[in-house]
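Colleague: One file is attached below, upload34.cif, containing mmCIF, C-alpha atoms and all ligand atoms.
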```cif
data_data
#
loop_
_atom_site.label_atom_id
_atom_site.label_comp_id
_atom_site.auth_asym_id
_atom_site.auth_seq_id
_atom_site.Cartn_x
_atom_site.Cartn_y
_atom_site.Cartn_z
CA MET A 1 35.67 18.99 23.59
CA THR A 2 35.35 15.82 21.47
CA GLN A 3 33.75 16.52 18.13
CA VAL A 4 30.17 15.29 18.22
CA PHE A 5 28.52 13.39 15.38
CA ASN A 6 24.78 13.16 15.82
CA PHE A 7 23.16 10.04 14.37
CA SER A 8 19.62 10.99 15.41
CA SER A 9 16.82 9.87 13.10
CA GLY A 10 15.10 13.23 13.40
CA PRO A 11 15.19 15.97 14.35
CA ALA A 12 18.59 15.31 12.90
CA MET A 13 21.96 16.83 12.28
CA LEU A 14 22.05 20.01 10.16
CA PRO A 15 25.02 21.22 8.10
CA VAL A 16 27.34 23.12 10.46
CA GLU A 17 27.87 25.85 7.83
CA VAL A 18 24.11 26.52 7.88
CA LEU A 19 23.99 26.68 11.67
CA ARG A 20 26.94 29.09 11.75
CA ARG A 21 25.29 31.36 9.22
CA ALA A 22 22.00 31.33 11.14
CA GLU A 23 23.95 32.09 14.32
CA GLN A 24 25.70 35.04 12.69
CA GLU A 25 22.51 36.64 11.44
CA LEU A 26 20.19 35.57 14.24
CA CYS A 27 19.77 38.92 16.02
CA ASN A 28 20.23 41.23 13.07
CA TRP A 29 18.90 39.63 9.94
CA GLN A 30 19.54 41.50 6.69
CA GLY A 31 20.43 44.61 8.74
CA LEU A 32 16.83 44.92 9.95
CA GLY A 33 17.88 44.88 13.62
CA THR A 34 15.53 41.94 14.31
CA SER A 35 15.67 38.21 13.70
CA VAL A 36 13.94 36.57 10.76
CA MET A 37 11.63 34.98 13.34
CA GLU A 38 10.22 38.35 14.33
CA ILE A 39 9.14 39.75 10.98
CA SER A 40 5.86 39.32 9.16
CA HIS A 41 5.54 36.40 6.81
CA ARG A 42 3.96 38.91 4.42
CA SER A 43 6.88 41.34 4.51
CA LYS A 44 8.81 41.70 1.26
CA GLU A 45 11.94 40.43 3.00
CA PHE A 46 10.32 37.18 4.08
CA ILE A 47 8.49 36.70 0.78
CA GLN A 48 11.89 36.79 -0.89
CA VAL A 49 13.20 34.09 1.46
CA ALA A 50 10.11 31.99 0.78
CA GLU A 51 10.33 32.34 -2.99
CA GLU A 52 14.05 31.64 -3.11
CA ALA A 53 13.63 28.53 -0.99
CA GLU A 54 10.96 27.25 -3.36
CA GLN A 55 13.04 28.02 -6.44
CA ASP A 56 16.14 26.37 -4.98
CA LEU A 57 14.12 23.27 -4.13
CA ARG A 58 12.64 23.24 -7.63
CA ASP A 59 16.15 23.44 -9.10
CA LEU A 60 17.55 20.76 -6.80
CA MET A 61 14.73 18.29 -7.42
CA LYS A 62 14.03 19.36 -11.04
CA ILE A 63 10.36 19.76 -10.13
CA PRO A 64 8.26 20.11 -13.31
CA SER A 65 6.24 23.33 -13.67
CA ASN A 66 2.90 21.51 -13.39
CA TYR A 67 3.63 20.73 -9.74
CA LYS A 68 2.91 22.97 -6.76
CA VAL A 69 5.31 23.08 -3.84
CA LEU A 70 3.55 23.61 -0.51
CA PHE A 71 5.27 24.57 2.74
CA CYS A 72 2.98 23.09 5.39
CA HIS A 73 2.64 22.46 9.11
CA GLY A 74 1.72 19.31 10.94
CA GLY A 75 4.56 16.95 10.06
CA ALA A 76 4.26 13.92 7.84
CA ARG A 77 1.52 12.62 10.10
CA ALA A 78 -0.78 15.48 9.09
CA GLN A 79 -0.28 14.24 5.53
CA PHE A 80 -1.49 10.78 6.55
CA ALA A 81 -4.93 12.48 6.83
CA ALA A 82 -4.45 15.19 4.20
CA VAL A 83 -3.67 12.68 1.43
CA PRO A 84 -6.95 10.72 1.61
CA LEU A 85 -9.06 13.82 2.26
CA ASN A 86 -7.54 15.64 -0.72
CA LEU A 87 -7.34 12.77 -3.16
CA LEU A 88 -10.10 10.24 -2.52
CA GLY A 89 -12.83 12.22 -4.25
CA PRO A 90 -15.85 9.92 -4.54
CA ALA A 91 -13.68 6.76 -4.35
CA LYS A 92 -14.11 4.46 -1.38
CA THR A 93 -10.67 2.90 -1.46
CA ALA A 94 -6.99 3.56 -2.05
CA ASP A 95 -4.08 1.15 -2.35
CA TYR A 96 -1.75 1.23 0.65
CA VAL A 97 1.50 -0.69 0.47
CA ASP A 98 2.68 -1.95 3.84
CA GLY A 99 6.47 -2.01 3.95
CA GLY A 100 7.01 -1.16 7.60
CA TYR A 101 6.20 1.03 10.58
CA TRP A 102 5.48 4.35 8.84
CA ALA A 103 3.49 2.82 6.00
CA GLN A 104 1.39 1.10 8.66
CA SER A 105 0.91 4.40 10.50
CA ALA A 106 -0.39 5.97 7.28
CA ILE A 107 -2.80 3.05 6.87
CA LYS A 108 -4.12 3.48 10.43
CA GLU A 109 -5.01 7.08 9.62
CA ALA A 110 -6.44 6.31 6.16
CA VAL A 111 -8.88 3.81 7.72
CA LYS A 112 -10.77 6.81 9.13
CA TYR A 113 -11.59 8.03 5.62
CA CYS A 114 -11.78 4.97 3.38
CA THR A 115 -11.37 1.21 3.26
CA PRO A 116 -7.76 0.90 2.16
CA ASN A 117 -6.68 -2.01 0.01
CA VAL A 118 -3.64 -3.02 2.05
CA ILE A 119 -0.86 -4.69 0.08
CA ASP A 120 1.55 -6.45 2.40
CA ALA A 121 4.89 -6.03 0.65
CA LYS A 122 6.98 -7.36 3.53
CA THR A 123 8.76 -10.59 2.78
CA THR A 124 12.02 -12.37 3.56
CA LEU A 125 14.94 -13.31 1.37
CA ASP A 126 17.49 -15.75 2.81
CA GLY A 127 16.18 -14.92 6.26
CA LEU A 128 16.55 -11.18 5.72
CA ALA A 129 13.73 -8.60 5.61
CA ALA A 130 12.85 -7.62 2.05
CA ILE A 131 10.14 -5.99 -0.05
CA THR A 132 8.26 -7.72 -2.85
CA PRO A 133 8.93 -6.17 -6.28
CA MET A 134 6.46 -3.53 -7.42
CA ASN A 135 5.11 -5.63 -10.27
CA ASN A 136 3.81 -8.09 -7.65
CA TRP A 137 1.82 -5.44 -5.82
CA ALA A 138 -1.86 -6.32 -6.28
CA LEU A 139 -3.33 -2.89 -6.93
CA SER A 140 -7.10 -2.52 -7.14
CA ASP A 141 -8.90 -0.95 -10.10
CA ASP A 142 -11.16 1.30 -8.04
CA ALA A 143 -8.42 2.81 -5.82
CA ALA A 144 -8.06 6.60 -6.01
CA TYR A 145 -4.28 6.35 -5.57
CA VAL A 146 -1.46 4.10 -4.38
CA HIS A 147 0.47 5.13 -1.29
CA TYR A 148 3.86 3.81 -0.19
CA CYS A 149 6.85 4.81 1.92
CA PRO A 150 10.15 4.55 -0.03
CA ASN A 151 12.27 4.58 3.11
CA GLU A 152 11.18 3.11 6.41
CA THR A 153 13.12 5.18 8.91
CA ILE A 154 12.68 2.71 11.78
CA ASP A 155 13.02 -0.62 9.98
CA GLY A 156 15.88 0.63 7.78
CA ILE A 157 14.13 -0.72 4.70
CA ALA A 158 14.12 1.07 1.36
CA ILE A 159 12.06 0.59 -1.78
CA ASN A 160 14.36 1.79 -4.55
CA GLU A 161 12.31 0.83 -7.58
CA GLN A 162 10.79 3.67 -9.55
CA PRO A 163 6.99 3.37 -9.64
CA ASP A 164 5.36 2.81 -13.01
CA PHE A 165 1.68 2.02 -12.60
CA GLY A 166 0.28 3.58 -15.75
CA ASP A 167 -2.03 6.47 -14.97
CA LYS A 168 -2.44 5.52 -11.30
CA VAL A 169 -1.77 8.42 -8.95
CA VAL A 170 1.27 7.51 -6.85
CA VAL A 171 1.71 9.09 -3.41
CA ALA A 172 4.94 8.66 -1.49
CA ASP A 173 6.16 9.54 1.99
CA PHE A 174 9.73 10.68 1.32
CA SER A 175 10.30 11.98 4.87
CA SER A 176 13.63 10.25 5.36
CA THR A 177 15.05 10.25 1.82
CA ILE A 178 14.00 13.48 0.13
CA LEU A 179 17.02 15.23 -1.45
CA SER A 180 19.31 12.29 -0.64
CA SER A 181 19.23 10.95 -4.21
CA PRO A 182 17.57 12.01 -7.46
CA ILE A 183 13.79 11.45 -7.65
CA ASP A 184 11.85 11.60 -10.91
CA VAL A 185 9.05 13.80 -9.57
CA SER A 186 6.92 13.16 -12.66
CA CYS A 187 6.36 9.56 -11.47
CA TYR A 188 4.34 10.85 -8.53
CA GLY A 189 1.04 12.60 -7.91
CA VAL A 190 2.07 13.68 -4.41
CA ILE A 191 5.40 13.60 -2.61
CA TYR A 192 5.50 14.66 1.02
CA ALA A 193 8.20 14.86 3.67
CA GLY A 194 8.61 16.15 7.19
CA ALA A 195 11.57 18.55 7.19
CA GLN A 196 13.39 17.35 10.28
CA LYS A 197 15.69 14.79 8.63
CA ASN A 198 17.07 15.90 5.29
CA ILE A 199 15.65 19.42 5.01
CA GLY A 200 15.72 21.54 8.14
CA PRO A 201 14.18 21.95 11.58
CA ALA A 202 10.96 20.24 12.68
CA GLY A 203 7.76 22.19 12.10
CA LEU A 204 7.84 22.33 8.33
CA THR A 205 6.44 19.70 5.96
CA LEU A 206 6.95 19.78 2.22
CA VAL A 207 4.23 18.69 -0.15
CA ILE A 208 4.85 18.50 -3.90
CA VAL A 209 1.57 17.95 -5.68
CA ARG A 210 0.61 17.66 -9.34
CA GLU A 211 -1.72 20.52 -10.24
CA ASP A 212 -4.50 18.43 -11.75
CA LEU A 213 -5.01 16.76 -8.34
CA LEU A 214 -6.01 20.01 -6.66
CA GLY A 215 -9.63 20.90 -6.05
CA GLN A 216 -11.22 17.53 -5.39
CA ALA A 217 -11.01 17.64 -1.61
CA ARG A 218 -13.77 16.31 0.59
CA LYS A 219 -15.80 19.13 2.04
CA GLU A 220 -15.07 18.17 5.65
CA LEU A 221 -11.33 18.64 5.00
CA PRO A 222 -9.92 21.33 7.30
CA SER A 223 -8.86 24.29 5.13
CA ILE A 224 -5.34 24.18 6.56
CA LEU A 225 -4.85 20.70 5.04
CA ASP A 226 -6.48 21.56 1.70
CA TYR A 227 -3.80 21.53 -1.02
CA LYS A 228 -5.81 23.91 -3.20
CA VAL A 229 -6.29 26.43 -0.40
CA LEU A 230 -2.57 26.25 0.40
CA ALA A 231 -1.57 26.56 -3.27
CA ASP A 232 -3.94 29.48 -3.87
CA ASN A 233 -2.40 31.25 -0.88
CA GLU A 234 1.26 30.48 -1.66
CA SER A 235 1.41 28.40 1.56
CA MET A 236 0.44 31.49 3.58
CA PHE A 237 -3.21 30.69 4.27
CA ASN A 238 -2.20 31.05 7.89
CA THR A 239 1.13 31.96 9.47
CA PRO A 240 3.67 29.44 8.18
CA PRO A 241 6.61 28.15 10.28
CA THR A 242 8.80 31.01 9.12
CA PHE A 243 12.03 30.12 10.90
CA ALA A 244 11.94 26.52 9.68
CA TRP A 245 11.21 27.79 6.16
CA TYR A 246 14.15 30.22 6.31
CA LEU A 247 16.53 27.61 7.67
CA SER A 248 15.43 25.02 5.14
CA GLY A 249 16.17 27.64 2.47
CA LEU A 250 19.72 27.89 3.80
CA VAL A 251 20.02 24.09 3.64
CA PHE A 252 18.89 24.16 -0.01
CA LYS A 253 21.60 26.74 -0.77
CA TRP A 254 24.16 24.61 1.06
CA LEU A 255 23.11 21.61 -0.97
CA LYS A 256 23.53 23.54 -4.22
CA GLU A 257 27.01 24.59 -3.08
CA GLN A 258 27.88 20.93 -2.46
CA GLY A 259 27.06 20.14 -6.09
CA GLY A 260 23.36 19.34 -5.76
CA VAL A 261 21.51 16.08 -5.35
CA SER A 262 23.67 14.00 -7.72
CA GLU A 263 26.82 14.86 -5.75
CA ILE A 264 25.21 14.26 -2.34
CA ASP A 265 23.87 10.97 -3.73
CA LYS A 266 27.47 9.82 -4.36
CA ARG A 267 28.54 10.84 -0.86
CA ASN A 268 25.53 9.07 0.64
CA GLN A 269 26.47 5.90 -1.24
CA ALA A 270 30.06 6.09 0.02
CA LYS A 271 28.87 6.57 3.62
CA ALA A 272 26.42 3.66 3.42
CA ASP A 273 29.01 1.39 1.75
CA LEU A 274 31.49 2.10 4.52
CA LEU A 275 29.05 1.38 7.34
CA TYR A 276 27.41 -1.73 5.82
CA GLY A 277 30.89 -2.95 4.85
CA VAL A 278 32.03 -2.97 8.48
CA ILE A 279 28.79 -4.65 9.58
CA ASP A 280 29.05 -7.34 6.88
CA ASN A 281 32.71 -8.02 7.59
CA SER A 282 32.00 -9.03 11.15
CA ASP A 283 30.06 -11.65 13.08
CA PHE A 284 29.88 -9.23 15.97
CA TYR A 285 27.45 -6.84 14.19
CA ARG A 286 24.46 -7.72 12.06
CA ASN A 287 21.97 -5.94 9.83
CA GLY A 288 18.81 -7.94 9.10
CA VAL A 289 17.78 -6.35 5.78
CA ALA A 290 18.32 -7.89 2.31
CA PRO A 291 20.99 -5.89 0.42
CA ALA A 292 18.58 -4.64 -2.29
CA ASN A 293 16.30 -3.12 0.35
CA ARG A 294 18.86 -1.65 2.69
CA SER A 295 18.30 1.99 3.55
CA ARG A 296 21.19 4.35 2.87
CA MET A 297 19.80 6.86 5.36
CA ASN A 298 18.88 4.74 8.38
CA VAL A 299 21.14 1.82 9.21
CA PRO A 300 19.87 -0.40 12.02
CA PHE A 301 22.34 -2.91 13.38
CA GLN A 302 22.40 -5.38 16.22
CA LEU A 303 25.22 -6.63 18.37
CA ALA A 304 25.40 -10.44 18.38
CA ASP A 305 25.56 -10.22 22.18
CA ALA A 306 22.73 -7.85 23.16
CA SER A 307 24.06 -7.71 26.72
CA LEU A 308 26.77 -5.39 25.33
CA ASP A 309 24.22 -2.87 23.98
CA LYS A 310 24.36 -0.65 27.04
CA LEU A 311 28.14 -0.52 27.08
CA PHE A 312 28.24 0.16 23.33
CA LEU A 313 25.91 3.11 23.78
CA GLU A 314 27.83 4.48 26.77
CA GLU A 315 31.20 4.21 25.11
CA SER A 316 30.04 5.52 21.74
CA PHE A 317 28.42 8.52 23.42
CA ALA A 318 31.64 9.23 25.29
CA ALA A 319 33.46 9.11 21.94
CA GLY A 320 31.16 11.82 20.56
CA LEU A 321 28.91 9.44 18.64
CA HIS A 322 25.43 10.40 19.75
CA ALA A 323 21.90 9.05 19.36
CA LEU A 324 22.80 5.54 18.20
CA LYS A 325 20.11 3.75 20.22
CA GLY A 326 17.72 1.87 17.96
CA HIS A 327 14.01 2.64 17.91
CA ARG A 328 12.15 0.87 20.73
CA VAL A 329 10.21 -1.36 18.29
CA VAL A 330 13.42 -2.69 16.68
CA GLY A 331 15.99 -2.48 19.49
CA GLY A 332 19.75 -2.62 18.96
CA MET A 333 21.39 0.38 17.29
CA ARG A 334 20.51 2.68 14.44
CA ALA A 335 22.78 5.16 12.69
CA SER A 336 20.90 7.77 10.69
CA ILE A 337 23.27 9.21 8.12
CA TYR A 338 21.36 11.91 6.29
CA ASN A 339 22.85 14.48 3.91
CA ALA A 340 24.38 16.60 6.68
CA MET A 341 26.41 13.70 8.12
CA PRO A 342 29.94 13.94 6.71
CA LEU A 343 31.89 10.87 5.62
CA GLU A 344 34.22 11.67 8.50
CA GLY A 345 31.35 11.08 10.96
CA VAL A 346 30.67 7.63 9.52
CA LYS A 347 34.42 6.88 9.50
CA THR A 348 34.62 7.84 13.18
CA LEU A 349 31.70 5.52 13.88
CA THR A 350 33.14 2.58 11.94
CA ASP A 351 36.57 3.03 13.59
CA PHE A 352 34.81 2.96 16.95
CA MET A 353 32.84 -0.17 15.98
CA VAL A 354 35.97 -2.03 14.87
CA ASP A 355 37.76 -1.06 18.07
CA PHE A 356 34.77 -1.99 20.26
CA GLU A 357 34.63 -5.41 18.58
CA ARG A 358 38.37 -5.89 19.12
CA ARG A 359 37.98 -5.16 22.82
CA HIS A 360 34.74 -7.06 23.45
CA GLY A 361 34.40 -9.58 20.63
N1 LIG A 401 7.03 9.08 7.88
C1 LIG A 401 8.32 8.72 8.03
C2 LIG A 401 8.98 7.91 6.97
C3 LIG A 401 9.02 9.15 9.16
O1 LIG A 401 10.29 8.80 9.33
C4 LIG A 401 8.36 9.92 10.15
C5 LIG A 401 9.06 10.44 11.38
N2 LIG A 401 10.08 9.71 11.87
C6 LIG A 401 7.02 10.24 9.95
C7 LIG A 401 6.39 9.80 8.80
C8 LIG A 401 6.26 11.07 10.94
O2 LIG A 401 6.70 12.36 10.78
P1 LIG A 401 6.23 13.58 11.68
O3 LIG A 401 6.79 13.35 13.04
O4 LIG A 401 6.81 14.75 10.95
O5 LIG A 401 4.74 13.59 11.66
#
```
Hey, can you dump this file as structure tokens for me?
Modeller:
Amino acid sequence: MTQVFNFSSGPAMLPVEVLRRAEQELCNWQGLGTSVMEISHRSKEFIQVAEEAEQDLRDLMKIPSNYKVLFCHGGARAQFAAVPLNLLGPAKTADYVDGGYWAQSAIKEAVKYCTPNVIDAKTTLDGLAAITPMNNWALSDDAAYVHYCPNETIDGIAINEQPDFGDKVVVADFSSTILSSPIDVSCYGVIYAGAQKNIGPAGLTLVIVREDLLGQARKELPSILDYKVLADNESMFNTPPTFAWYLSGLVFKWLKEQGGVSEIDKRNQAKADLLYGVIDNSDFYRNGVAPANRSRMNVPFQLADASLDKLFLEESFAAGLHALKGHRVVGGMRASIYNAMPLEGVKTLTDFMVDFERRHG
């Protein structure tokens, strides 16, 4: 069978070493004669898994001790509601930076709870999509926090600047970039991320929240979204997604074995350079994002002749290159190249692209 490289934007490829280990211990985990899925989340065995996963994540991300790490349900979209309900307090507004599809989705949800001050950061530079620099973002004085999405998974647009807005609380949706490069956690009040791209299986959402922000939730906030309730209960207020938590813990260990976030950051840069290099060296392929705002995780590209899209997808799939179809709102192709995608996968893709261009260009 041809080796498959899965370029899905999420749920996405997981490290094969992690899958093999999970396979090995699936039916008889830690000699208990059951799978990890079948034991109580309150058993000492699972508590150990949970604590180790948190510690490994803390080590990998260098999370300061005044931050809580919450293992939640509901995906990043649940956080679109949890953030305003936990953080607004008596404020009537929050700053929401619009840089693309997911930032806009967060704004749509926030409108239910406040009147967001929407800052349209989308711009163009030499005809390419770009983001206005942070010091041009018109933040409002009475906003409870500023929310933005550092990596737009669909648009393939990244905001790489580090936020520095004085004592403003900064909230960021890191769903598609968490653990792909170093983040200075202390710049943020809340970081959240759905697991299904760079962490583990769908069903788990990570929230990293500064302790002083706990305990000001609106009273109508469902307890299951209340950061303080979750923190007070070590993320076990109700039954957590135990299998996703366990598997994410294995991914954290894998990442440590690879050399941690700084090493994976270098590999991610090499992968992105290779793919954008092939796109930029050709008139056959095109990426419409300004270089400074190009995503290293999600690389959308178009064929100059869109009538070849179908053939490109058919042939690439046959070559073991899966899930390259672009999101329906953007069209064209998109290669998601998260941590688990090896350089070899990107090399196989770029070799295919060069060959496809030679045959059809
Ligand atoms: N934010 C971003 C940046 C995303 O990429 C996604 C999912 N693609 C979401 C939010 C929504 O995540 P979920 O499906 O986990 O709610």
Colleague: Which is closest to ligand LIG 401 (chain A) among A:Asn66, A:Ser336, A:Ser262, A:Asn86, if we use only C-alpha atoms and all ligand atoms?
Modeller: A:Ser336
Colleague: I want to know what sits within 7 Å of stretch 96-105 of chain A, based on all atoms listed in the file, with residues of the same chain fewer than 4 positions away left out; could you give that as a list in words?
Modeller: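 Selected residues are Glu109, Pro116, Asn117, Val118, Ile119, Asp120, Ala121, Lys122, Ile131, Val146, His147, Tyr148, Cys149, Glu152, Ile154 and Asp155 of chain A.
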Colleague: Between atom CA of A:Tyr338 and atom CA of A:Ala82, measure the distance and give it in Å to one decimal.
Modeller: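 Those two atoms sit 26.1 Å apart.
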Colleague: Just checking: using all atoms listed in the file, which residue out of A:Ser223, A:Gln216, A:Ser186, A:Asn151 ends up closest to A:Ala91?
Modeller: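 Once distances to A:Ala91 are computed over all atoms listed in the file, the minimum belongs to A:Gln216.
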Colleague: Between A:Asp232, A:Thr93, A:Ala323, A:Leu57, which one has atoms that come closest to A:Ile199, using all atoms listed in the file?
Modeller: A:Leu57
Colleague: For ligand LIG 401 (chain A), return the neighbouring residues as a list in words (distance at most 8 Å; all atoms listed in the file).
Modeller: Ser9, Gly10, Gly74, Gly75, Ala76, Arg77, Ala78, Gln79, Trp102, Ala103, Ser105, Ala106, Cys149, Pro150, Asn151, Glu152, Thr153, Ile154, Asp173, Phe174, Ser175, Ser176, Ala193, Gly194, Ala195, Gln196, Ala202, Gly203 and Thr205 of chain A
Colleague: Restricting the output to C-alpha atoms, write the selected residues as a JSON list (two decimals), keeping the file's coordinate frame.
Modeller:
```json
[["chain", "number", "residue", "atom", "x", "y", "z"],
["A", 9, "SER", "CA", 16.82, 9.87, 13.10],
["A", 10, "GLY", "CA", 15.10, 13.23, 13.40],
["A", 74, "GLY", "CA", 1.72, 19.31, 10.94],
["A", 75, "GLY", "CA", 4.56, 16.95, 10.06],
["A", 76, "ALA", "CA", 4.26, 13.92, 7.84],
["A", 77, "ARG", "CA", 1.52, 12.62, 10.10],
["A", 78, "ALA", "CA", -0.78, 15.48, 9.09],
["A", 79, "GLN", "CA", -0.28, 14.24, 5.53],
["A", 102, "TRP", "CA", 5.48, 4.35, 8.84],
["A", 103, "ALA", "CA", 3.49, 2.82, 6.00],
["A", 105, "SER", "CA", 0.91, 4.40, 10.50],
["A", 106, "ALA", "CA", -0.39, 5.97, 7.28],
["A", 149, "CYS", "CA", 6.85, 4.81, 1.92],
["A", 150, "PRO", "CA", 10.15, 4.55, -0.03],
["A", 151, "ASN", "CA", 12.27, 4.58, 3.11],
["A", 152, "GLU", "CA", 11.18, 3.11, 6.41],
["A", 153, "THR", "CA", 13.12, 5.18, 8.91],
["A", 154, "ILE", "CA", 12.68, 2.71, 11.78],
["A", 173, "ASP", "CA", 6.16, 9.54, 1.99],
["A", 174, "PHE", "CA", 9.73, 10.68, 1.32],
["A", 175, "SER", "CA", 10.30, 11.98, 4.87],
["A", 176, "SER", "CA", 13.63, 10.25, 5.36],
["A", 193, "ALA", "CA", 8.20, 14.86, 3.67],
["A", 194, "GLY", "CA", 8.61, 16.15, 7.19],
["A", 195, "ALA", "CA", 11.57, 18.55, 7.19],
["A", 196, "GLN", "CA", 13.39, 17.35, 10.28],
["A", 202, "ALA", "CA", 10.96, 20.24, 12.68],
["A", 203, "GLY", "CA", 7.76, 22.19, 12.10],
["A", 205, "THR", "CA", 6.44, 19.70, 5.96]]
```
Colleague: Expressed in Å to a single decimal, how great is the separation between atom CA of A:Pro163 and atom CA of A:Asp141?
Modeller: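 Atom CA of A:Asp141 lies 16.5 Å from atom CA of A:Pro163.
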Colleague: Go ahead and fit an axis-aligned box to every listed atom of stretch 158-172 of chain A plus 5 Å each side, and pass me the centre and edge lengths in Å, one decimal, as JSON.
Modeller:
```
{"center_x": 6.0, "center_y": 4.8, "center_z": -7.2, "size_x": 26.8, "size_y": 18.5, "size_z": 27.1}
```
Colleague: Between atom CA of A:Leu204 and atom CA of A:Leu14, what is the distance, to one decimal in Å?
Modeller: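 Calculated distance between atom CA of A:Leu204 and atom CA of A:Leu14 is 14.5 Å.
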Colleague: Residues within 9 Å of A:Asn238, please, as a ChimeraX atom specification. Count all atoms listed in the file; anything in the same chain fewer than 4 positions from it doesn't count.
Modeller: /A:224,230,233
Colleague: Using only C-alpha atoms, which residue out of A:Pro222, A:Gly156, A:Gly200, A:Gly326 lies closest to A:Gly288?
Modeller: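 Of the candidates, the smallest distance to A:Gly288 is held by A:Gly156.
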Colleague: Can you pull out every residue within 10 Å of A:Arg58, counting only C-alpha atoms, but drop anything in the same chain fewer than 3 positions away, and send it as a ChimeraX atom specification?
Modeller: /A:52-55,61-65,67-69,208,252
Colleague: Residues within 7 Å of A:Leu321, please, as a PyMOL selection string. Count only C-alpha atoms; anything in the same chain fewer than 3 positions from it doesn't count.
Modeller: chain A and resi 4-6+316-317+349
Colleague: Kindly reconstruct stretch 115-129 of chain A with N, CA and C atoms and present the result as an mmCIF file, keeping the file's coordinate frame.
Modeller:
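Generated file (part-v3.cif):
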```
data_model
loop_
_atom_site.group_PDB
_atom_site.id
_atom_site.type_symbol
_atom_site.label_atom_id
_atom_site.label_comp_id
_atom_site.auth_asym_id
_atom_site.auth_seq_id
_atom_site.Cartn_x
_atom_site.Cartn_y
_atom_site.Cartn_z
ATOM 1 N N THR A 115 -11.723 2.601 2.957
ATOM 2 C CA THR A 115 -11.370 1.210 3.260
ATOM 3 C C THR A 115 -10.137 0.898 2.421
ATOM 4 N N PRO A 116 -8.951 1.085 2.989
ATOM 5 C CA PRO A 116 -7.760 0.900 2.160
ATOM 6 C C PRO A 116 -7.593 -0.547 1.697
ATOM 7 N N ASN A 117 -7.098 -0.702 0.502
ATOM 8 C CA ASN A 117 -6.680 -2.010 0.010
ATOM 9 C C ASN A 117 -5.218 -2.165 0.434
ATOM 10 N N VAL A 118 -5.003 -2.917 1.501
ATOM 11 C CA VAL A 118 -3.640 -3.020 2.050
ATOM 12 C C VAL A 118 -2.868 -4.119 1.324
ATOM 13 N N ILE A 119 -1.725 -3.744 0.787
ATOM 14 C CA ILE A 119 -0.860 -4.690 0.080
ATOM 15 C C ILE A 119 0.347 -4.946 0.970
ATOM 16 N N ASP A 120 0.421 -6.143 1.515
ATOM 17 C CA ASP A 120 1.550 -6.450 2.400
ATOM 18 C C ASP A 120 2.776 -6.776 1.546
ATOM 19 N N ALA A 121 3.703 -5.850 1.506
ATOM 20 C CA ALA A 121 4.890 -6.030 0.650
ATOM 21 C C ALA A 121 6.072 -6.585 1.426
ATOM 22 N N LYS A 122 5.867 -6.871 2.699
ATOM 23 C CA LYS A 122 6.980 -7.360 3.530
ATOM 24 C C LYS A 122 7.220 -8.847 3.233
ATOM 25 N N THR A 123 8.442 -9.182 3.035
ATOM 26 C CA THR A 123 8.760 -10.590 2.780
ATOM 27 C C THR A 123 10.153 -10.876 3.348
ATOM 28 N N THR A 124 10.638 -12.084 3.141
ATOM 29 C CA THR A 124 12.020 -12.370 3.560
ATOM 30 C C THR A 124 12.780 -13.005 2.409
ATOM 31 N N LEU A 125 14.059 -12.770 2.409
ATOM 32 C CA LEU A 125 14.940 -13.310 1.370
ATOM 33 C C LEU A 125 16.161 -13.838 2.122
ATOM 34 N N ASP A 126 16.385 -15.137 2.057
ATOM 35 C CA ASP A 126 17.490 -15.750 2.810
ATOM 36 C C ASP A 126 17.479 -15.312 4.273
ATOM 37 N N GLY A 127 16.294 -15.262 4.839
ATOM 38 C CA GLY A 127 16.180 -14.920 6.260
ATOM 39 C C GLY A 127 16.309 -13.435 6.550
ATOM 40 N N LEU A 128 16.409 -12.618 5.507
ATOM 41 C CA LEU A 128 16.550 -11.180 5.720
ATOM 42 C C LEU A 128 15.269 -10.462 5.283
ATOM 43 N N ALA A 129 14.943 -9.355 5.947
ATOM 44 C CA ALA A 129 13.730 -8.600 5.610
ATOM 45 C C ALA A 129 13.875 -8.016 4.211
#
```
